[in-house]
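K.L.:
File name my_file.cif; file contents mmCIF, C-alpha atoms; full text below.
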```cif
data_final
loop_
_atom_site.label_atom_id
_atom_site.label_comp_id
_atom_site.auth_asym_id
_atom_site.auth_seq_id
_atom_site.Cartn_x
_atom_site.Cartn_y
_atom_site.Cartn_z
CA MET A 1 -31.46 -29.37 11.81
CA LEU A 2 -29.95 -26.20 10.42
CA PRO A 3 -31.13 -25.09 7.00
CA THR A 4 -28.61 -25.59 4.24
CA LEU A 5 -26.96 -22.31 3.36
CA PRO A 6 -26.08 -21.54 -0.20
CA ARG A 7 -22.37 -22.05 -0.86
CA HIS A 8 -21.95 -18.29 -1.22
CA ALA A 9 -23.88 -16.93 1.74
CA PRO A 10 -24.22 -13.12 1.94
CA ASP A 11 -21.38 -12.92 4.50
CA ARG A 12 -19.10 -14.93 2.25
CA PRO A 13 -18.80 -13.05 -1.04
CA ARG A 14 -18.39 -15.10 -4.15
CA PRO A 15 -14.67 -15.45 -4.87
CA SER A 16 -13.65 -12.75 -7.29
CA LEU A 17 -10.28 -11.59 -8.54
CA MET A 18 -9.23 -8.14 -9.66
CA ARG A 19 -5.94 -7.52 -11.35
CA SER A 20 -3.75 -4.50 -11.50
CA SER A 21 -0.23 -3.65 -12.59
CA PHE A 22 1.84 -0.50 -12.63
CA LEU A 23 5.35 0.66 -13.30
CA LEU A 24 6.88 3.68 -11.54
CA GLU A 25 10.08 5.32 -12.74
CA ARG A 26 12.09 7.71 -10.58
CA ASP A 27 15.48 9.40 -10.48
CA PHE A 28 17.06 9.32 -7.04
CA PRO A 29 19.91 11.57 -5.86
CA ALA A 30 21.76 8.59 -4.39
CA SER A 31 24.15 5.90 -5.60
CA ALA A 32 22.89 2.47 -6.66
CA ALA A 33 24.50 1.03 -3.50
CA THR A 34 22.63 3.51 -1.26
CA VAL A 35 19.29 2.78 -2.97
CA PHE A 36 19.90 -0.95 -2.70
CA ALA A 37 20.72 -0.58 1.02
CA ALA A 38 17.44 1.28 1.57
CA TRP A 39 15.63 -1.91 0.51
CA SER A 40 17.97 -4.55 1.89
CA SER A 41 19.08 -3.25 5.29
CA PRO A 42 16.41 -3.67 8.02
CA ALA A 43 17.42 -0.40 9.74
CA CYS A 44 17.33 1.64 6.50
CA LYS A 45 14.07 0.08 5.32
CA ALA A 46 12.29 0.82 8.61
CA ARG A 47 12.80 4.55 7.94
CA TRP A 48 10.58 4.69 4.87
CA PHE A 49 8.72 1.44 4.21
CA SER A 50 5.44 0.96 6.10
CA ILE A 51 6.67 3.15 8.95
CA GLU A 52 3.32 2.62 10.75
CA SER A 53 4.12 -1.08 11.29
CA GLN A 54 4.38 -2.19 14.91
CA HIS A 55 6.46 -5.25 14.21
CA ARG A 56 8.92 -6.01 11.43
CA ARG A 57 11.35 -8.71 10.42
CA LEU A 58 13.52 -8.82 7.28
CA ASP A 59 15.63 -11.75 6.13
CA PHE A 60 17.06 -10.34 2.93
CA ARG A 61 18.32 -13.25 0.82
CA VAL A 62 16.83 -15.36 -1.98
CA GLY A 63 14.17 -17.52 -0.29
CA GLY A 64 14.23 -15.23 2.77
CA ARG A 65 11.09 -13.63 4.17
CA GLU A 66 9.93 -10.27 5.34
CA PHE A 67 7.08 -9.81 7.78
CA LEU A 68 5.31 -6.63 8.89
CA TYR A 69 2.34 -6.23 11.16
CA GLY A 70 0.40 -3.09 11.96
CA ARG A 71 -2.75 -1.07 11.57
CA SER A 72 -3.59 0.86 8.44
CA SER A 73 -4.51 4.57 8.53
CA CYS A 74 -8.18 3.54 8.77
CA GLY A 75 -7.48 1.29 11.75
CA ARG A 76 -7.62 -2.12 10.07
CA ARG A 77 -5.12 -4.76 11.18
CA PHE A 78 -2.87 -5.89 8.36
CA THR A 79 0.08 -8.18 7.78
CA TYR A 80 2.58 -8.03 4.94
CA GLU A 81 4.54 -11.16 4.17
CA ALA A 82 7.11 -11.21 1.36
CA VAL A 83 9.45 -13.82 -0.08
CA TYR A 84 12.56 -12.66 -1.94
CA ARG A 85 12.85 -14.54 -5.23
CA GLU A 86 15.75 -12.86 -7.03
CA ILE A 87 18.49 -10.51 -5.83
CA VAL A 88 21.38 -8.94 -7.75
CA PRO A 89 23.24 -6.56 -5.40
CA ASP A 90 22.92 -2.87 -6.34
CA THR A 91 20.98 -3.89 -9.46
CA ARG A 92 17.65 -5.59 -8.83
CA ILE A 93 15.27 -7.25 -6.38
CA VAL A 94 12.25 -9.40 -7.26
CA PHE A 95 9.84 -10.51 -4.55
CA SER A 96 6.34 -11.82 -4.07
CA TYR A 97 4.11 -10.78 -1.20
CA ASP A 98 0.74 -11.32 0.41
CA ILE A 99 -1.42 -8.85 2.33
CA HIS A 100 -3.88 -10.00 4.96
CA ILE A 101 -6.50 -7.58 6.29
CA GLU A 102 -8.26 -8.44 9.54
CA GLY A 103 -6.97 -11.97 9.11
CA ARG A 104 -8.27 -12.45 5.57
CA HIS A 105 -6.15 -12.79 2.45
CA GLY A 106 -6.46 -9.51 0.54
CA SER A 107 -3.91 -9.77 -2.26
CA SER A 108 -0.95 -11.56 -3.80
CA SER A 109 1.58 -9.52 -5.74
CA LEU A 110 4.76 -9.83 -7.70
CA ALA A 111 7.05 -6.81 -7.34
CA SER A 112 10.42 -5.83 -8.70
CA LEU A 113 12.92 -3.05 -8.38
CA GLU A 114 15.52 -2.28 -11.04
CA ILE A 115 18.35 0.15 -10.31
CA SER A 116 20.49 1.77 -13.03
CA PRO A 117 23.40 4.00 -12.00
CA HIS A 118 23.57 7.47 -13.60
CA GLY A 119 26.86 9.00 -12.49
CA GLU A 120 26.47 9.83 -8.78
CA ALA A 121 22.70 9.28 -8.95
CA CYS A 122 20.51 6.52 -10.25
CA ALA A 123 17.26 5.77 -12.02
CA ILE A 124 14.89 3.14 -10.73
CA ARG A 125 11.94 1.24 -12.13
CA TYR A 126 9.53 -0.22 -9.60
CA SER A 127 6.88 -2.56 -10.89
CA GLU A 128 3.99 -4.47 -9.37
CA GLN A 129 1.57 -7.01 -10.78
CA GLY A 130 -1.16 -7.92 -8.33
CA ILE A 131 -4.21 -10.10 -7.82
CA PHE A 132 -6.77 -8.63 -5.43
CA LEU A 133 -9.10 -11.06 -3.74
CA ASP A 134 -12.77 -10.74 -2.88
CA GLY A 135 -12.73 -6.93 -2.77
CA LEU A 136 -10.74 -6.74 0.48
CA ASP A 137 -7.76 -4.78 -0.77
CA SER A 138 -7.73 -2.04 -3.41
CA PRO A 139 -5.57 -1.63 -6.51
CA ARG A 140 -5.90 2.16 -6.28
CA GLY A 141 -4.72 2.10 -2.65
CA ARG A 142 -1.79 -0.05 -3.69
CA PHE A 143 -0.69 2.34 -6.43
CA ASN A 144 -1.09 5.38 -4.15
CA GLY A 145 0.82 3.61 -1.37
CA ALA A 146 3.73 2.76 -3.66
CA THR A 147 3.84 6.33 -5.01
CA LEU A 148 3.90 7.71 -1.47
CA ARG A 149 6.63 5.33 -0.31
CA LEU A 150 8.90 6.22 -3.22
CA ALA A 151 8.36 9.93 -2.45
CA ARG A 152 9.28 9.32 1.19
CA LEU A 153 12.41 7.44 0.12
CA ASP A 154 13.35 10.26 -2.25
CA GLY A 155 12.91 12.69 0.67
CA LEU A 156 15.36 10.69 2.79
CA PHE A 157 18.00 10.78 0.06
CA ARG A 158 17.53 14.56 -0.31
CA GLU A 159 17.86 15.11 3.46
CA LYS A 160 21.24 13.44 3.32
CA ILE A 161 22.63 15.55 0.50
CA THR A 162 21.44 18.93 1.78
CA MET B 1 28.69 -10.24 -17.54
CA THR B 2 25.01 -10.67 -18.30
CA GLU B 3 23.07 -7.62 -19.47
CA ARG B 4 20.47 -7.21 -16.73
CA SER B 5 16.89 -6.55 -17.76
CA ILE B 6 13.32 -7.33 -16.73
CA ALA B 7 10.44 -7.59 -19.20
CA TYR B 8 6.87 -7.76 -17.91
CA GLY B 9 3.93 -9.51 -19.49
CA THR B 10 0.54 -11.07 -18.87
CA PHE B 11 -1.32 -13.80 -20.67
CA VAL B 12 -4.68 -15.54 -20.23
CA ILE B 13 -5.69 -19.00 -21.39
CA GLU B 14 -9.37 -19.92 -21.35
CA ARG B 15 -10.77 -23.41 -21.92
CA THR B 16 -14.01 -25.31 -21.43
CA LEU B 17 -13.34 -28.76 -20.01
CA PRO B 18 -15.82 -31.67 -20.11
CA VAL B 19 -15.48 -32.56 -16.40
CA PRO B 20 -16.73 -30.81 -13.24
CA PRO B 21 -14.55 -28.35 -11.27
CA ALA B 22 -13.73 -30.93 -8.56
CA ARG B 23 -12.04 -33.16 -11.15
CA VAL B 24 -10.03 -30.27 -12.61
CA PHE B 25 -9.05 -29.08 -9.13
CA ALA B 26 -7.84 -32.58 -8.19
CA ALA B 27 -5.61 -32.64 -11.29
CA TRP B 28 -3.69 -29.71 -9.73
CA ALA B 29 -3.99 -30.64 -6.07
CA ASP B 30 -3.07 -34.33 -6.14
CA VAL B 31 0.57 -34.98 -7.00
CA GLN B 32 -0.16 -38.41 -8.55
CA GLN B 33 -2.59 -36.75 -10.96
CA LYS B 34 -0.49 -33.66 -11.59
CA THR B 35 2.56 -35.67 -12.71
CA LYS B 36 0.39 -37.29 -15.40
CA TRP B 37 0.01 -34.04 -17.33
CA PHE B 38 2.27 -31.30 -15.89
CA GLY B 39 5.76 -31.35 -17.36
CA ALA B 40 7.65 -32.74 -20.31
CA PRO B 41 5.65 -35.47 -22.10
CA GLY B 42 7.08 -38.89 -21.22
CA GLY B 43 9.54 -37.41 -18.72
CA ASP B 44 9.86 -38.06 -14.99
CA ASN B 45 7.79 -35.19 -13.67
CA MET B 46 7.63 -36.19 -10.00
CA PRO B 47 8.46 -33.07 -7.97
CA LYS B 48 11.09 -33.30 -5.24
CA GLN B 49 8.70 -31.46 -2.95
CA PHE B 50 4.91 -31.08 -3.22
CA GLU B 51 3.00 -29.26 -0.50
CA PHE B 52 -0.38 -28.26 -1.88
CA ARG B 53 -1.54 -25.92 0.90
CA VAL B 54 -1.38 -22.16 1.48
CA GLY B 55 2.26 -21.37 2.28
CA GLY B 56 3.39 -24.72 0.85
CA ARG B 57 6.15 -25.25 -1.67
CA GLU B 58 6.48 -27.31 -4.81
CA PHE B 59 9.93 -27.90 -6.23
CA SER B 60 10.97 -29.75 -9.38
CA GLU B 61 14.21 -30.18 -11.21
CA GLY B 62 14.45 -31.60 -14.72
CA GLN B 63 16.81 -32.13 -17.60
CA VAL B 64 16.02 -31.31 -21.24
CA GLY B 65 19.05 -32.25 -23.36
CA ASP B 66 22.00 -30.71 -21.54
CA THR B 67 19.91 -28.00 -19.90
CA THR B 68 18.82 -28.26 -16.26
CA PHE B 69 15.58 -26.52 -15.29
CA THR B 70 14.17 -25.85 -11.85
CA PHE B 71 10.60 -24.88 -11.00
CA ASP B 72 9.97 -23.48 -7.51
CA VAL B 73 6.41 -22.70 -6.41
CA LEU B 74 4.85 -20.99 -3.41
CA TYR B 75 1.08 -21.58 -3.01
CA GLN B 76 -0.57 -18.39 -1.75
CA ASP B 77 -4.33 -18.86 -2.01
CA ILE B 78 -6.41 -21.99 -2.41
CA VAL B 79 -10.21 -22.20 -2.52
CA GLU B 80 -11.17 -25.83 -3.07
CA ASN B 81 -12.67 -26.46 -6.51
CA GLU B 82 -12.60 -22.71 -7.28
CA ARG B 83 -9.18 -21.14 -7.43
CA ILE B 84 -5.45 -21.51 -6.88
CA ILE B 85 -3.02 -18.59 -6.70
CA TYR B 86 0.71 -19.15 -6.62
CA THR B 87 4.01 -17.55 -7.54
CA TYR B 88 6.84 -19.49 -9.11
CA ASP B 89 10.32 -18.93 -10.37
CA MET B 90 12.33 -20.88 -12.90
CA THR B 91 16.05 -21.33 -13.43
CA MET B 92 17.92 -22.64 -16.46
CA ASN B 93 21.42 -24.00 -15.80
CA GLY B 94 21.46 -22.08 -12.53
CA ALA B 95 20.42 -18.69 -13.95
CA ARG B 96 16.99 -17.42 -12.91
CA ILE B 97 14.93 -16.77 -16.04
CA SER B 98 11.60 -15.64 -14.59
CA VAL B 99 9.39 -15.01 -11.59
CA SER B 100 5.63 -15.26 -12.17
CA LEU B 101 2.34 -14.76 -10.39
CA ALA B 102 -0.28 -17.23 -11.59
CA SER B 103 -3.95 -17.93 -10.97
CA VAL B 104 -6.15 -20.86 -11.93
CA GLU B 105 -9.89 -20.14 -11.77
CA LEU B 106 -12.59 -22.78 -12.13
CA ARG B 107 -16.30 -22.17 -12.73
CA ALA B 108 -18.93 -24.84 -13.16
CA GLN B 109 -20.53 -24.66 -16.60
CA GLY B 110 -23.25 -27.24 -17.17
CA ASN B 111 -21.55 -30.59 -16.55
CA GLY B 112 -18.17 -29.11 -17.30
CA THR B 113 -15.79 -26.40 -16.20
CA ARG B 114 -14.72 -23.05 -17.49
CA LEU B 115 -10.97 -22.85 -16.79
CA LEU B 116 -9.12 -19.56 -16.70
CA VAL B 117 -5.33 -19.57 -16.31
CA THR B 118 -3.67 -16.16 -15.96
CA GLU B 119 0.01 -15.43 -15.53
CA HIS B 120 1.79 -12.18 -14.75
CA GLY B 121 5.50 -12.60 -15.41
CA ALA B 122 8.80 -10.83 -14.82
CA TYR B 123 11.20 -12.25 -17.43
CA LEU B 124 14.86 -11.80 -16.61
CA ASP B 125 17.81 -10.85 -18.79
CA GLY B 126 16.11 -11.87 -22.06
CA LEU B 127 16.38 -15.56 -21.03
CA ASP B 128 12.64 -16.02 -21.50
CA ASN B 129 9.66 -13.95 -22.62
CA ASN B 130 5.90 -13.72 -22.30
CA GLU B 131 5.13 -15.18 -25.76
CA GLN B 132 7.29 -18.23 -25.19
CA ARG B 133 5.85 -18.78 -21.71
CA LYS B 134 2.34 -18.49 -23.07
CA GLU B 135 3.07 -21.11 -25.75
CA GLY B 136 4.57 -23.45 -23.16
CA THR B 137 1.55 -23.00 -20.90
CA ILE B 138 -0.90 -23.60 -23.78
CA ALA B 139 0.92 -26.90 -24.41
CA LEU B 140 0.61 -27.83 -20.71
CA ILE B 141 -3.09 -27.02 -20.62
CA GLY B 142 -3.50 -29.16 -23.76
CA GLN B 143 -1.89 -32.03 -21.83
CA LEU B 144 -4.30 -31.35 -18.93
CA GLU B 145 -7.27 -31.54 -21.35
CA ASP B 146 -6.00 -34.82 -22.80
CA TYR B 147 -5.48 -36.25 -19.31
CA LEU B 148 -8.95 -35.26 -18.10
CA LYS B 149 -10.59 -36.69 -21.24
CA SER B 150 -8.72 -40.00 -20.95
CA ALA B 151 -8.90 -40.50 -17.16
#
```
If you took the structure in this file and wrote it as structure tokens, what would it be?

P.N.:
Amino acid sequence: MLPTLPRHAPDRPRPSLMRSSFLLERDFPASAATVFAAWSSPACKARWFSIESQHRRLDFRVGGREFLYGRSSCGRRFTYEAVYREIVPDTRIVFSYDIHIEGRHGSSSLASLEISPHGEACAIRYSEQGIFLDGLDSPRGRFNGATLRLARLDGLFREKIT
Amino acid sequence: MTERSIAYGTFVIERTLPVPPARVFAAWADVQQKTKWFGAPGGDNMPKQFEFRVGGREFSEGQVGDTTFTFDVLYQDIVENERIIYTYDMTMNGARISVSLASVELRAQGNGTRLLVTEHGAYLDGLDNNEQRKEGTIALIGQLEDYLKSA
């Protein structure tokens, strides 16, 4: 008979939750409609969001899902699976998403984008509130990733106007 | 036209319950038990859909006076007797008022359970706010305590 293992064996860390939230504000040299399209059109989104993904699917409507699969910069397999919860065209998007790393659930997050037109340009607020599970995924990495993606998006808008 | 806005907020509710984690977990996981405490007191709280599994959905619709509410849940992480993570959104007369990320954590404490309920919310267009949601959730957890003590 096998010995009884403790419920939390060394290879199964005790469930623990970390929480993190951030709010990023940016001015983009693009119209609200262009910024909204960058998030809602599969072709536009593939140019800046998780460009390392090998597979992507986007069903942009309330209740619709988005799925991405790839390898992170350090070689770990990840999936990103989002559900769109609230959409107001050219104005806001609210979605929830889960990250799996090497097949294990790493985090659940609630994210939102708000777009306010400013003449020809617009200001955005991007917010995330996340729960990070069992130390698999990192809040710092999440914040850095979001910062980098918004910078890449900004770069695309600037390419178009120059 | 509605003035569009999003307000963010987090609240935590902590309670010690006089029953073990498995009993508290079952009060969330079993629809027959959940309807006994979750929702308007004395109302018909049976959800139209109840899929308590990762990726499953729970959907309820209810009437308070002449206001229709909906409650739409996606379960995202479940560890039996330990934790439940889900997101939910609510509508009031067809307008979405909030989207929230919630966790329920259970820890054995003697013969009882330490319960930790945390919610991170995005409240839309001033139709709801973190304070109000916290008060509503405190009332629900009070109903859960009463149910567990009486059952």

K.L.:
I need the chain A residues near chain B as a PyMOL selection string; criterion: at most 9 Å, counting all atoms listed in the file.

P.N.:
chain A and resi 15+85-86+91-92+94-98+105+108-112+114+127+129-131

K.L.:
Quick one: which residues end up in the PyMOL selection byres ((chain A and resi 24-31) around 6) for this structure, as number ranges by chain?

P.N.:
A: 23, 32-34, 120-126

K.L.:
Could you spell out the hits of the PyMOL selection byres ((chain B and resi 25) around 12) on the shown file, as a PDB file with C-alpha atoms, keeping the file's coordinate frame?

P.N.:
```
ATOM      1  CA  LEU B  17     -13.340 -28.760 -20.010  1.00  0.00           C
ATOM      2  CA  VAL B  19     -15.480 -32.560 -16.400  1.00  0.00           C
ATOM      3  CA  PRO B  20     -16.730 -30.810 -13.240  1.00  0.00           C
ATOM      4  CA  PRO B  21     -14.550 -28.350 -11.270  1.00  0.00           C
ATOM      5  CA  ALA B  22     -13.730 -30.930  -8.560  1.00  0.00           C
ATOM      6  CA  ARG B  23     -12.040 -33.160 -11.150  1.00  0.00           C
ATOM      7  CA  VAL B  24     -10.030 -30.270 -12.610  1.00  0.00           C
ATOM      8  CA  ALA B  26      -7.840 -32.580  -8.190  1.00  0.00           C
ATOM      9  CA  ALA B  27      -5.610 -32.640 -11.290  1.00  0.00           C
ATOM     10  CA  TRP B  28      -3.690 -29.710  -9.730  1.00  0.00           C
ATOM     11  CA  ALA B  29      -3.990 -30.640  -6.070  1.00  0.00           C
ATOM     12  CA  ASP B  30      -3.070 -34.330  -6.140  1.00  0.00           C
ATOM     13  CA  VAL B  31       0.570 -34.980  -7.000  1.00  0.00           C
ATOM     14  CA  GLN B  33      -2.590 -36.750 -10.960  1.00  0.00           C
ATOM     15  CA  LYS B  34      -0.490 -33.660 -11.590  1.00  0.00           C
ATOM     16  CA  PHE B  52      -0.380 -28.260  -1.880  1.00  0.00           C
ATOM     17  CA  ILE B  78      -6.410 -21.990  -2.410  1.00  0.00           C
ATOM     18  CA  VAL B  79     -10.210 -22.200  -2.520  1.00  0.00           C
ATOM     19  CA  GLU B  80     -11.170 -25.830  -3.070  1.00  0.00           C
ATOM     20  CA  ASN B  81     -12.670 -26.460  -6.510  1.00  0.00           C
ATOM     21  CA  GLU B  82     -12.600 -22.710  -7.280  1.00  0.00           C
ATOM     22  CA  ARG B  83      -9.180 -21.140  -7.430  1.00  0.00           C
ATOM     23  CA  ILE B  84      -5.450 -21.510  -6.880  1.00  0.00           C
ATOM     24  CA  VAL B 104      -6.150 -20.860 -11.930  1.00  0.00           C
ATOM     25  CA  GLU B 105      -9.890 -20.140 -11.770  1.00  0.00           C
ATOM     26  CA  LEU B 106     -12.590 -22.780 -12.130  1.00  0.00           C
ATOM     27  CA  ARG B 107     -16.300 -22.170 -12.730  1.00  0.00           C
ATOM     28  CA  ALA B 108     -18.930 -24.840 -13.160  1.00  0.00           C
ATOM     29  CA  THR B 113     -15.790 -26.400 -16.200  1.00  0.00           C
ATOM     30  CA  ARG B 114     -14.720 -23.050 -17.490  1.00  0.00           C
ATOM     31  CA  LEU B 115     -10.970 -22.850 -16.790  1.00  0.00           C
ATOM     32  CA  LEU B 144      -4.300 -31.350 -18.930  1.00  0.00           C
ATOM     33  CA  LEU B 148      -8.950 -35.260 -18.100  1.00  0.00           C
TER      34      LEU B 148
END
```

K.L.:
One decimal, in Å: what's the spacing between CA of Gly62 (chain B) and CA of Leu140 (chain B)?

P.N.:
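Spanning CA of Gly62 (chain B) to CA of Leu140 (chain B) is a straight-line distance of 15.5 Å.
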
K.L.:
Using the chain letters and numbers from the file, give me the residues hit by the PyMOL selection byres ((chain A and resi 38-48) around 6), as a list in words.

P.N.:
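Applying the PyMOL selection byres ((chain A and resi 38-48) around 6) to the structure shown produces Val35, Phe36, Ala37, Phe49, Ile51, Leu58, Phe60 and Leu153 of chain A.
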
K.L.:
Please write the residues from the selection above to a file, keeping C-alpha atoms, as a PDB file, in the frame of the given file.

P.N.:
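Writing the result to out-v1.pdb gives the following:
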```pdb
ATOM      1  CA  VAL A  35      19.290   2.780  -2.970  1.00  0.00           C
ATOM      2  CA  PHE A  36      19.900  -0.950  -2.700  1.00  0.00           C
ATOM      3  CA  ALA A  37      20.720  -0.580   1.020  1.00  0.00           C
ATOM      4  CA  PHE A  49       8.720   1.440   4.210  1.00  0.00           C
ATOM      5  CA  ILE A  51       6.670   3.150   8.950  1.00  0.00           C
ATOM      6  CA  LEU A  58      13.520  -8.820   7.280  1.00  0.00           C
ATOM      7  CA  PHE A  60      17.060 -10.340   2.930  1.00  0.00           C
ATOM      8  CA  LEU A 153      12.410   7.440   0.120  1.00  0.00           C
TER       9      LEU A 153
END
```

K.L.:
Identify, on the basis of all atoms listed in the file, every residue whose closest approach to Tyr84 (chain A) does not exceed 6 Å; exclude the query and any residue fewer than 3 positions from it along the same chain; express the result as a list of chain:residue names.

P.N.:
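My list of contacting residues is A:Val62, A:Gly63, A:Gly64, A:Phe95.
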
K.L.:
Now that the selection is made, can you save its residues with C-alpha atoms as a PDB file, in the frame of the given file?

P.N.:
```
ATOM      1  CA  VAL A  62      16.830 -15.360  -1.980  1.00  0.00           C
ATOM      2  CA  GLY A  63      14.170 -17.520  -0.290  1.00  0.00           C
ATOM      3  CA  GLY A  64      14.230 -15.230   2.770  1.00  0.00           C
ATOM      4  CA  PHE A  95       9.840 -10.510  -4.550  1.00  0.00           C
TER       5      PHE A  95
END
```

K.L.:
Between CA of Gln132 (chain B) and CA of Met46 (chain B), what distance in Å does the model show, to one decimal?

P.N.:
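Answer for the CA of Gln132 (chain B) to CA of Met46 (chain B) separation: 23.5 Å.
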
K.L.:
Can you pull out the residues contacting Ile99 (chain A)? Cut-off 9 Å, using all atoms listed in the file, and skip same-chain residues under 4 positions away; I want them as an MDAnalysis selection string.

P.N.:
chainID A and resid 78:82 104:109 137

K.L.:
In Å, how far is it from CA of Phe22 (chain A) to CA of Arg142 (chain A)?

P.N.:
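For CA of Phe22 (chain A) relative to CA of Arg142 (chain A), the distance reads 9.7 Å.
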
K.L.:
Which residues are near Thr70 (chain B)? Cut-off 6 Å, all atoms listed in the file, ignore same chain within fewer than 3 positions. Put them as a PyMOL selection string.

P.N.:
chain B and resi 60-61+90-91

K.L.:
Tell me which of A:Leu150, A:Ile93, A:Met18, A:Ile115 sits closest to Leu133 (chain A), counting only C-alpha atoms.

P.N.:
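Among the listed residues, the smallest separation from Leu133 (chain A) belongs to A:Met18.
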